[in-house]
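Novice: File data36.csv follows (CSV, C-alpha atoms):
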chain,number,residue,atom,x,y,z
A,1,MET,CA,90.5,30.3,98.2
A,2,SER,CA,90.3,30.7,102.0
A,3,THR,CA,93.3,33.0,102.2
A,4,GLN,CA,91.7,35.4,99.8
A,5,SER,CA,88.5,35.2,101.9
A,6,VAL,CA,90.5,36.2,105.0
A,7,ILE,CA,92.2,39.1,103.1
A,8,ALA,CA,88.8,40.2,101.7
A,9,ALA,CA,87.2,40.2,105.2
A,10,LEU,CA,90.1,42.3,106.6
A,11,GLN,CA,90.0,44.7,103.7
A,12,ALA,CA,86.2,45.2,104.2
A,13,ALA,CA,86.7,45.9,107.9
A,14,GLY,CA,89.5,48.4,107.2
A,15,SER,CA,89.4,52.1,107.8
A,16,PRO,CA,91.8,54.6,106.1
A,17,THR,CA,91.5,56.9,109.2
A,18,LYS,CA,92.5,54.1,111.6
A,19,ALA,CA,95.2,52.9,109.2
A,20,GLU,CA,96.8,56.3,109.3
A,21,HIS,CA,96.7,56.4,113.1
A,22,LEU,CA,98.1,52.9,113.4
A,23,ALA,CA,101.0,53.7,111.0
A,24,TYR,CA,101.9,56.6,113.3
A,25,PHE,CA,101.3,54.6,116.6
A,26,PHE,CA,103.5,51.6,115.4
A,27,LYS,CA,106.4,53.9,114.3
A,28,THR,CA,106.5,53.1,110.6
A,29,GLY,CA,108.5,56.2,109.6
A,30,LYS,CA,112.1,56.2,108.3
A,31,ASP,CA,114.6,54.6,110.8
A,32,GLN,CA,111.8,53.8,113.2
A,33,TYR,CA,111.3,50.2,114.5
A,34,GLY,CA,108.2,49.6,112.3
A,35,GLU,CA,109.6,51.3,109.2
A,36,GLY,CA,107.8,50.4,106.0
A,37,ASP,CA,104.9,48.5,107.5
A,38,HIS,CA,101.4,48.9,106.0
A,39,PHE,CA,98.1,49.0,107.8
A,40,LEU,CA,94.5,48.4,106.7
A,41,GLY,CA,93.0,50.0,109.8
A,42,VAL,CA,91.4,46.9,111.4
A,43,THR,CA,90.9,46.6,115.2
A,44,VAL,CA,92.2,43.6,117.1
A,45,PRO,CA,88.7,42.5,118.2
A,46,GLU,CA,87.6,42.6,114.5
A,47,GLN,CA,90.7,40.5,113.7
A,48,ARG,CA,89.9,38.0,116.4
A,49,ALA,CA,86.4,37.6,115.1
A,50,ILE,CA,87.7,36.9,111.6
A,51,ALA,CA,90.4,34.6,112.8
A,52,LYS,CA,87.8,32.3,114.6
A,53,GLN,CA,86.1,31.7,111.2
A,54,TYR,CA,89.2,30.3,109.6
A,55,THR,CA,90.7,27.7,112.0
A,56,HIS,CA,90.4,25.1,109.2
A,57,LEU,CA,93.3,26.7,107.3
A,58,ASP,CA,96.4,24.6,106.7
A,59,PHE,CA,100.0,25.8,107.4
A,60,ASN,CA,100.5,26.6,103.7
A,61,SER,CA,97.7,29.1,103.9
A,62,LEU,CA,99.0,30.5,107.1
A,63,GLU,CA,102.4,31.0,105.5
A,64,GLU,CA,100.8,33.0,102.7
A,65,LEU,CA,99.1,35.2,105.3
A,66,ILE,CA,102.0,35.7,107.7
A,67,SER,CA,104.3,36.8,104.9
A,68,SER,CA,101.9,39.6,103.9
A,69,PRO,CA,103.2,43.2,103.8
A,70,TRP,CA,100.0,44.2,105.6
A,71,HIS,CA,100.2,44.3,109.4
A,72,GLU,CA,96.7,43.1,110.2
A,73,ILE,CA,97.0,40.1,107.8
A,74,ARG,CA,100.1,39.0,109.6
A,75,LEU,CA,98.5,39.4,113.0
A,76,THR,CA,95.3,37.6,111.9
A,77,SER,CA,97.5,34.7,110.7
A,78,LEU,CA,98.9,34.5,114.3
A,79,LEU,CA,95.4,34.7,115.8
A,80,ILE,CA,94.3,31.8,113.6
A,81,LEU,CA,97.4,29.9,114.7
A,82,LEU,CA,96.5,30.6,118.3
A,83,GLU,CA,93.0,29.3,117.8
A,84,ILE,CA,94.3,26.1,116.2
A,85,PHE,CA,96.8,25.6,119.0
A,86,ARG,CA,94.1,26.3,121.7
A,87,LYS,CA,91.7,23.8,120.2
A,88,SER,CA,94.2,21.0,119.7
A,89,LEU,CA,94.8,20.2,123.4
A,90,GLN,CA,94.6,16.5,122.8
A,91,ASN,CA,96.7,16.6,119.6
A,92,GLN,CA,100.3,17.2,120.7
A,93,HIS,CA,101.6,16.5,117.2
A,94,LEU,CA,99.5,19.4,115.8
A,95,ARG,CA,100.5,21.6,118.8
A,96,GLN,CA,104.2,20.9,118.0
A,97,ALA,CA,103.5,21.9,114.4
A,98,CYS,CA,102.0,25.2,115.5
A,99,ILE,CA,105.1,25.9,117.6
A,100,ASN,CA,107.4,25.0,114.7
A,101,PHE,CA,105.5,27.3,112.4
A,102,TYR,CA,105.7,30.1,114.9
A,103,LEU,CA,109.5,29.8,115.4
A,104,ASN,CA,110.1,29.4,111.7
A,105,HIS,CA,108.4,32.6,110.9
A,106,THR,CA,109.7,35.1,113.5
A,107,THR,CA,110.9,37.2,110.6
A,108,TYR,CA,107.3,38.3,110.1
A,109,ILE,CA,106.5,38.7,113.8
A,110,ASN,CA,108.0,42.1,113.5
A,111,ASN,CA,106.3,44.5,115.9
A,112,TRP,CA,105.6,44.5,119.6
A,113,ASP,CA,101.8,43.8,119.2
A,114,LEU,CA,102.5,40.8,117.0
A,115,VAL,CA,104.8,39.5,119.7
A,116,ASP,CA,102.7,40.3,122.8
A,117,LEU,CA,99.5,39.0,121.4
A,118,SER,CA,100.9,35.6,120.5
A,119,CYS,CA,104.1,34.4,122.2
A,120,TYR,CA,103.1,33.6,125.7
A,121,LYS,CA,99.9,31.9,124.6
A,122,LEU,CA,101.9,29.7,122.3
A,123,LEU,CA,105.5,29.3,123.5
A,124,GLY,CA,104.7,30.0,127.2
A,125,VAL,CA,101.9,27.4,127.3
A,126,TRP,CA,103.9,24.8,125.3
A,127,LEU,CA,107.0,25.1,127.4
A,128,GLU,CA,105.3,24.9,130.7
A,129,ASN,CA,106.6,21.4,131.4
A,130,LYS,CA,109.4,21.3,128.8
A,131,ASP,CA,112.9,22.3,128.3
A,132,ARG,CA,113.0,26.1,127.8
A,133,SER,CA,116.4,26.5,126.2
A,134,ILE,CA,114.7,27.9,123.0
A,135,LEU,CA,113.9,31.0,125.1
A,136,TYR,CA,117.6,31.6,125.8
A,137,HIS,CA,118.5,31.1,122.2
A,138,LEU,CA,115.9,33.8,121.3
A,139,ALA,CA,117.3,36.1,124.0
A,140,ASP,CA,120.7,35.8,122.5
A,141,SER,CA,119.4,36.6,119.0
A,142,SER,CA,120.4,39.8,117.2
A,143,ASN,CA,116.7,40.2,116.2
A,144,LEU,CA,114.9,42.7,118.5
A,145,TRP,CA,111.6,40.8,118.2
A,146,GLU,CA,113.0,37.4,119.0
A,147,GLN,CA,114.5,39.0,122.1
A,148,ARG,CA,111.1,40.4,123.0
A,149,ILE,CA,109.5,37.0,122.4
A,150,SER,CA,112.0,35.4,124.9
A,151,ILE,CA,111.0,37.6,127.8
A,152,VAL,CA,107.3,38.1,127.1
A,153,SER,CA,106.7,34.4,126.7
A,154,CYS,CA,107.6,34.1,130.4
A,155,ILE,CA,104.3,35.7,131.4
A,156,HIS,CA,102.7,32.3,131.4
A,157,PHE,CA,105.3,31.0,133.9
A,158,VAL,CA,105.1,34.0,136.1
A,159,ARG,CA,101.3,33.7,136.3
A,160,HIS,CA,101.9,30.2,137.8
A,161,ASN,CA,104.5,31.5,140.3
A,162,ASP,CA,107.4,30.2,138.3
A,163,PHE,CA,109.9,33.1,138.1
A,164,SER,CA,113.3,31.6,137.4
A,165,ASP,CA,113.4,31.9,133.6
A,166,CYS,CA,111.9,35.3,133.7
A,167,LEU,CA,114.5,36.6,136.0
A,168,THR,CA,117.4,34.9,134.2
A,169,ILE,CA,116.3,36.3,130.8
A,170,ALA,CA,115.7,39.7,132.4
A,171,ASP,CA,119.3,39.6,133.6
A,172,LYS,CA,120.5,38.7,130.1
A,173,LEU,CA,118.6,41.7,128.6
A,174,LEU,CA,119.4,44.1,131.4
A,175,HIS,CA,121.7,46.3,129.3
A,176,HIS,CA,119.8,46.0,126.0
A,177,PRO,CA,120.0,49.3,124.1
A,178,HIS,CA,116.3,49.4,122.8
A,179,ASP,CA,113.5,50.9,124.9
A,180,LEU,CA,111.0,48.2,123.6
A,181,ILE,CA,113.1,45.7,125.5
A,182,HIS,CA,113.4,48.0,128.5
A,183,LYS,CA,109.6,48.2,128.6
A,184,ALA,CA,109.1,44.4,128.1
A,185,VAL,CA,111.6,43.5,130.8
A,186,GLY,CA,110.2,46.1,133.2
A,187,TRP,CA,106.6,44.8,132.5
A,188,LEU,CA,107.6,41.2,133.3
A,189,LEU,CA,109.4,42.2,136.5
A,190,ARG,CA,106.4,44.2,137.6
A,191,GLU,CA,104.3,41.0,137.0
A,192,VAL,CA,106.8,39.1,139.2
A,193,GLY,CA,106.4,41.7,141.9
A,194,LYS,CA,102.6,41.5,141.8
A,195,LYS,CA,103.0,37.8,142.6
A,196,ASP,CA,105.9,38.0,145.0
A,197,LYS,CA,107.1,41.4,145.9
A,198,GLN,CA,110.1,40.2,147.9
A,199,THR,CA,111.4,38.2,144.9
A,200,LEU,CA,111.4,41.4,142.8
A,201,ILE,CA,113.0,43.4,145.6
A,202,ASN,CA,115.8,40.8,145.8
A,203,PHE,CA,116.3,41.0,142.0
A,204,LEU,CA,116.4,44.8,142.1
A,205,HIS,CA,118.7,45.0,145.1
A,206,THR,CA,122.0,44.6,143.2
A,207,ARG,CA,120.7,45.8,139.8
A,208,TYR,CA,118.5,48.9,140.1
A,209,LYS,CA,121.4,51.4,139.8
A,210,GLU,CA,122.4,50.0,136.5
A,211,MET,CA,119.0,49.3,135.0
A,212,PRO,CA,117.7,51.6,132.3
A,213,ARG,CA,115.3,54.1,133.9
A,214,THR,CA,112.3,53.0,131.8
A,215,MET,CA,112.8,49.4,132.8
A,216,LEU,CA,113.1,50.3,136.5
A,217,ARG,CA,110.0,52.6,136.4
A,218,TYR,CA,107.9,49.8,134.8
A,219,ALA,CA,109.2,47.3,137.4
A,220,ILE,CA,108.3,49.4,140.4
A,221,GLU,CA,105.1,50.8,139.2
A,222,HIS,CA,103.1,49.1,142.0
A,223,PHE,CA,105.4,50.2,144.8
A,224,THR,CA,104.5,53.0,147.1
A,225,ASN,CA,105.5,56.5,146.3
A,226,GLU,CA,108.2,56.4,148.9
A,227,GLU,CA,109.6,53.2,147.6
A,228,ARG,CA,109.6,54.4,144.0
A,229,LYS,CA,111.4,57.6,145.0
A,230,ALA,CA,114.1,55.6,146.9
A,231,TYR,CA,114.8,53.4,143.9
A,232,LEU,CA,114.8,56.2,141.3
A,233,HIS,CA,117.0,58.6,143.4
Let me see whether you can do it: turn the structure in this file into C-alpha cells.
Specialist:
Amino acid sequence: MSTQSVIAALQAAGSPTKAEHLAYFFKTGKDQYGEGDHFLGVTVPEQRAIAKQYTHLDFNSLEELISSPWHEIRLTSLLILLEIFRKSLQNQHLRQACINFYLNHTTYINNWDLVDLSCYKLLGVWLENKDRSILYHLADSSNLWEQRISIVSCIHFVRHNDFSDCLTIADKLLHHPHDLIHKAVGWLLREVGKKDKQTLINFLHTRYKEMPRTMLRYAIEHFTNEERKAYLH
C-alpha cells in the first residue's frame, strides 16, 4: 500500500535525537501549543524528497496520512498535496479538489510549520484572481491555526504588490492574544514594508501604540535604528 510506503520511508529517515529536539522546538509539553504531538525526527528536505515520489496518491490516501499522530507524516501529506496542486496547472477541477481537501482538514494542520509551508502556496495561489472571503472566515475562526492560515496565505498577494487583504486581516488580528499570531502578522507587515515602505508606515501610523510589541518589532525589522527606536519608545 502506498501510504505504508510513505510511512516506512519517513520512519527509515527518522532520528531519535532529532525527534527529541523537534518535540522541544515545537512546544509539545503540557499546555503548550503543540501539546501531545509526536515526531520521527525527519528534516523538511528529506520529507520533500519523499513527497515527490508519491504524487500519484489519491485523496483517500492523503487523508490517511494527514490524520496521523506523527508530525512529519502530516507534513509530508501536505507536501504531496502541494506537488499535486503545482503539477495540475491545466486541471482546475483537480486544483479545486486540492483546495477543498486542505480546507476540510485544517484540524490536522496544527502547528506553525504545517501552516507556513503550505497555505500560501495553495490558498494564496488559488485565490489570486478569486473571491477571498474564505480568508476572512478563517481569520474569524476560534482555531489558532486557521487564523494563522488566513494571514500567512497573503504572502502570495504581497509578493505581487497586492496589500489590501493582508492589511485588512492584520487589522482583524491586531489584538490577538497569542504570540504566534503576533509573529505572523508582524512578518507579513514586514513583507509589505519591503515592497512598499510608505504603505507600511501609513498602516502603523494609527496602530503602532496599540500593537503587541512582538508584532511591531517584526514589522519594523528593516527600518533604520532611529526609526525602530521612535516606534518602540
Novice: Counting all atoms listed in the file, which residue out of A:Phe157, A:Phe101, A:Tyr218, A:Tyr24 sits closest to Leu62 (chain A)?
Specialist: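 Of all the options, A:Phe101 lies closest to Leu62 (chain A).
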Novice: From the set A:Arg132, A:Arg190, A:Lys195, A:Lys172, which residue has the shortest atom-to-atom contact distance to Arg159 (chain A), counting all atoms listed in the file?
Specialist: A:Lys195
Novice: Show me, as an mmCIF file with C-alpha atoms, keeping the file's coordinate frame, the residues that have an atom within 6 Å of region 75-81 of chain A when counting all atoms listed in the file, minus same-chain residues fewer than 5 positions from it.
Specialist:
data_model
loop_
_atom_site.group_PDB
_atom_site.id
_atom_site.type_symbol
_atom_site.label_atom_id
_atom_site.label_comp_id
_atom_site.auth_asym_id
_atom_site.auth_seq_id
_atom_site.Cartn_x
_atom_site.Cartn_y
_atom_site.Cartn_z
ATOM 1 C CA GLN A 47 90.700 40.500 113.700
ATOM 2 C CA ALA A 51 90.400 34.600 112.800
ATOM 3 C CA THR A 55 90.700 27.700 112.000
ATOM 4 C CA LEU A 62 99.000 30.500 107.100
ATOM 5 C CA LEU A 65 99.100 35.200 105.300
ATOM 6 C CA ILE A 66 102.000 35.700 107.700
ATOM 7 C CA LEU A 114 102.500 40.800 117.000
#
Novice: Using all atoms listed in the file, find the one residue out of A:Val158, A:Leu173, A:Ala139, A:Leu180 that sits nearest to Gly193 (chain A).
Specialist: A:Val158
Novice: At what distance in Å, to one decimal, does CA of Val115 (chain A) lie from CA of Cys98 (chain A)?
Specialist: 15.2 Å
Novice: Can you pull out every residue within 12 Å of Glu64 (chain A), counting all atoms listed in the file, but drop anything in the same chain fewer than 2 positions away, and send it as a PyMOL selection string?
Specialist: chain A and resi 1-4+6-7+57-62+66-70+73-74+76-78+105+108
Novice: What would the file look like if the residues just selected were written as a PDB file, in the coordinates of the input with C-alpha atoms?
Specialist:
ATOM      1  CA  MET A   1      90.500  30.300  98.200  1.00  0.00           C
ATOM      2  CA  SER A   2      90.300  30.700 102.000  1.00  0.00           C
ATOM      3  CA  THR A   3      93.300  33.000 102.200  1.00  0.00           C
ATOM      4  CA  GLN A   4      91.700  35.400  99.800  1.00  0.00           C
ATOM      5  CA  VAL A   6      90.500  36.200 105.000  1.00  0.00           C
ATOM      6  CA  ILE A   7      92.200  39.100 103.100  1.00  0.00           C
ATOM      7  CA  LEU A  57      93.300  26.700 107.300  1.00  0.00           C
ATOM      8  CA  ASP A  58      96.400  24.600 106.700  1.00  0.00           C
ATOM      9  CA  PHE A  59     100.000  25.800 107.400  1.00  0.00           C
ATOM     10  CA  ASN A  60     100.500  26.600 103.700  1.00  0.00           C
ATOM     11  CA  SER A  61      97.700  29.100 103.900  1.00  0.00           C
ATOM     12  CA  LEU A  62      99.000  30.500 107.100  1.00  0.00           C
ATOM     13  CA  ILE A  66     102.000  35.700 107.700  1.00  0.00           C
ATOM     14  CA  SER A  67     104.300  36.800 104.900  1.00  0.00           C
ATOM     15  CA  SER A  68     101.900  39.600 103.900  1.00  0.00           C
ATOM     16  CA  PRO A  69     103.200  43.200 103.800  1.00  0.00           C
ATOM     17  CA  TRP A  70     100.000  44.200 105.600  1.00  0.00           C
ATOM     18  CA  ILE A  73      97.000  40.100 107.800  1.00  0.00           C
ATOM     19  CA  ARG A  74     100.100  39.000 109.600  1.00  0.00           C
ATOM     20  CA  THR A  76      95.300  37.600 111.900  1.00  0.00           C
ATOM     21  CA  SER A  77      97.500  34.700 110.700  1.00  0.00           C
ATOM     22  CA  LEU A  78      98.900  34.500 114.300  1.00  0.00           C
ATOM     23  CA  HIS A 105     108.400  32.600 110.900  1.00  0.00           C
ATOM     24  CA  TYR A 108     107.300  38.300 110.100  1.00  0.00           C
TER      25      TYR A 108
END
Novice: Would you please work out which residue, of A:Cys154, A:Ile109, A:Ala9, A:Leu40, is nearest to Leu127 (chain A) when using all atoms listed in the file?
Specialist: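 Nearest candidate to Leu127 (chain A) out of A:Cys154, A:Ile109, A:Ala9, A:Leu40: A:Cys154.
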Novice: Could you add whatever atoms are missing so that region 153-164 of chain A carries all heavy atoms, then write the result as an mmCIF file, keeping the file's coordinate frame?
Specialist:
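Heads up, here's the output in out.cif:
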data_model
loop_
_atom_site.group_PDB
_atom_site.id
_atom_site.type_symbol
_atom_site.label_atom_id
_atom_site.label_comp_id
_atom_site.auth_asym_id
_atom_site.auth_seq_id
_atom_site.Cartn_x
_atom_site.Cartn_y
_atom_site.Cartn_z
ATOM 1 N N SER A 153 107.259 35.736 126.587
ATOM 2 C CA SER A 153 106.700 34.400 126.700
ATOM 3 C C SER A 153 106.693 33.919 128.173
ATOM 4 O O SER A 153 105.903 33.037 128.529
ATOM 5 C CB SER A 153 107.620 33.387 125.917
ATOM 6 O OG SER A 153 107.507 33.604 124.534
ATOM 7 N N CYS A 154 107.523 34.523 129.008
ATOM 8 C CA CYS A 154 107.600 34.100 130.400
ATOM 9 C C CYS A 154 106.372 34.548 131.223
ATOM 10 O O CYS A 154 106.233 34.135 132.394
ATOM 11 C CB CYS A 154 108.858 34.692 131.067
ATOM 12 S SG CYS A 154 110.400 34.017 130.406
ATOM 13 N N ILE A 155 105.491 35.351 130.646
ATOM 14 C CA ILE A 155 104.300 35.700 131.400
ATOM 15 C C ILE A 155 103.531 34.490 131.849
ATOM 16 O O ILE A 155 103.032 34.452 132.974
ATOM 17 C CB ILE A 155 103.349 36.570 130.457
ATOM 18 C CG1 ILE A 155 103.935 37.952 130.209
ATOM 19 C CG2 ILE A 155 101.964 36.718 131.091
ATOM 20 C CD1 ILE A 155 103.131 38.785 129.244
ATOM 21 N N HIS A 156 103.464 33.498 130.999
ATOM 22 C CA HIS A 156 102.700 32.300 131.400
ATOM 23 C C HIS A 156 103.328 31.642 132.624
ATOM 24 O O HIS A 156 102.593 31.217 133.528
ATOM 25 C CB HIS A 156 102.711 31.287 130.224
ATOM 26 C CG HIS A 156 101.947 30.039 130.528
ATOM 27 N ND1 HIS A 156 100.566 29.985 130.512
ATOM 28 C CD2 HIS A 156 102.372 28.794 130.892
ATOM 29 C CE1 HIS A 156 100.170 28.772 130.838
ATOM 30 N NE2 HIS A 156 101.244 28.024 131.073
ATOM 31 N N PHE A 157 104.632 31.588 132.695
ATOM 32 C CA PHE A 157 105.300 31.000 133.900
ATOM 33 C C PHE A 157 105.068 31.821 135.115
ATOM 34 O O PHE A 157 104.761 31.292 136.185
ATOM 35 C CB PHE A 157 106.798 30.823 133.624
ATOM 36 C CG PHE A 157 107.174 30.279 132.278
ATOM 37 C CD1 PHE A 157 108.285 30.763 131.601
ATOM 38 C CD2 PHE A 157 106.420 29.284 131.678
ATOM 39 C CE1 PHE A 157 108.641 30.275 130.371
ATOM 40 C CE2 PHE A 157 106.772 28.778 130.440
ATOM 41 C CZ PHE A 157 107.890 29.284 129.779
ATOM 42 N N VAL A 158 105.235 33.130 134.958
ATOM 43 C CA VAL A 158 105.100 34.000 136.100
ATOM 44 C C VAL A 158 103.698 33.931 136.697
ATOM 45 O O VAL A 158 103.534 33.940 137.927
ATOM 46 C CB VAL A 158 105.411 35.486 135.670
ATOM 47 C CG1 VAL A 158 105.043 36.469 136.777
ATOM 48 C CG2 VAL A 158 106.886 35.621 135.308
ATOM 49 N N ARG A 159 102.705 33.818 135.851
ATOM 50 C CA ARG A 159 101.300 33.700 136.300
ATOM 51 C C ARG A 159 101.101 32.433 137.143
ATOM 52 O O ARG A 159 100.122 32.330 137.895
ATOM 53 C CB ARG A 159 100.346 33.786 135.173
ATOM 54 C CG ARG A 159 100.253 35.199 134.597
ATOM 55 C CD ARG A 159 99.338 35.265 133.399
ATOM 56 N NE ARG A 159 99.220 36.643 132.927
ATOM 57 C CZ ARG A 159 98.580 36.996 131.808
ATOM 58 N NH1 ARG A 159 98.008 36.082 131.045
ATOM 59 N NH2 ARG A 159 98.520 38.267 131.451
ATOM 60 N N HIS A 160 102.025 31.467 136.990
ATOM 61 C CA HIS A 160 101.900 30.200 137.800
ATOM 62 C C HIS A 160 103.049 30.184 138.827
ATOM 63 O O HIS A 160 103.476 29.113 139.256
ATOM 64 C CB HIS A 160 102.061 29.033 136.817
ATOM 65 C CG HIS A 160 100.861 28.855 135.936
ATOM 66 N ND1 HIS A 160 100.681 29.581 134.773
ATOM 67 C CD2 HIS A 160 99.763 28.066 136.058
ATOM 68 C CE1 HIS A 160 99.533 29.222 134.204
ATOM 69 N NE2 HIS A 160 98.963 28.321 134.958
ATOM 70 N N ASN A 161 103.507 31.386 139.232
ATOM 71 C CA ASN A 161 104.500 31.500 140.300
ATOM 72 C C ASN A 161 105.822 30.835 139.999
ATOM 73 O O ASN A 161 106.521 30.352 140.898
ATOM 74 C CB ASN A 161 103.929 30.986 141.637
ATOM 75 C CG ASN A 161 102.717 31.762 142.089
ATOM 76 O OD1 ASN A 161 102.782 32.974 142.290
ATOM 77 N ND2 ASN A 161 101.585 31.082 142.229
ATOM 78 N N ASP A 162 106.173 30.823 138.744
ATOM 79 C CA ASP A 162 107.400 30.200 138.300
ATOM 80 C C ASP A 162 108.267 31.400 137.707
ATOM 81 O O ASP A 162 108.022 31.849 136.597
ATOM 82 C CB ASP A 162 107.131 29.183 137.219
ATOM 83 C CG ASP A 162 108.384 28.524 136.657
ATOM 84 O OD1 ASP A 162 109.501 28.944 137.027
ATOM 85 O OD2 ASP A 162 108.244 27.608 135.828
ATOM 86 N N PHE A 163 109.250 31.878 138.477
ATOM 87 C CA PHE A 163 109.900 33.100 138.100
ATOM 88 C C PHE A 163 111.342 32.937 137.563
ATOM 89 O O PHE A 163 111.934 33.897 137.057
ATOM 90 C CB PHE A 163 110.047 34.017 139.386
ATOM 91 C CG PHE A 163 108.762 34.201 140.133
ATOM 92 C CD1 PHE A 163 108.709 33.991 141.507
ATOM 93 C CD2 PHE A 163 107.610 34.584 139.476
ATOM 94 C CE1 PHE A 163 107.519 34.165 142.211
ATOM 95 C CE2 PHE A 163 106.415 34.770 140.171
ATOM 96 C CZ PHE A 163 106.372 34.556 141.545
ATOM 97 N N SER A 164 111.899 31.777 137.676
ATOM 98 C CA SER A 164 113.300 31.600 137.400
ATOM 99 C C SER A 164 113.731 32.001 135.991
ATOM 100 O O SER A 164 114.678 32.767 135.822
ATOM 101 C CB SER A 164 113.677 30.096 137.611
ATOM 102 O OG SER A 164 115.025 29.868 137.271
#
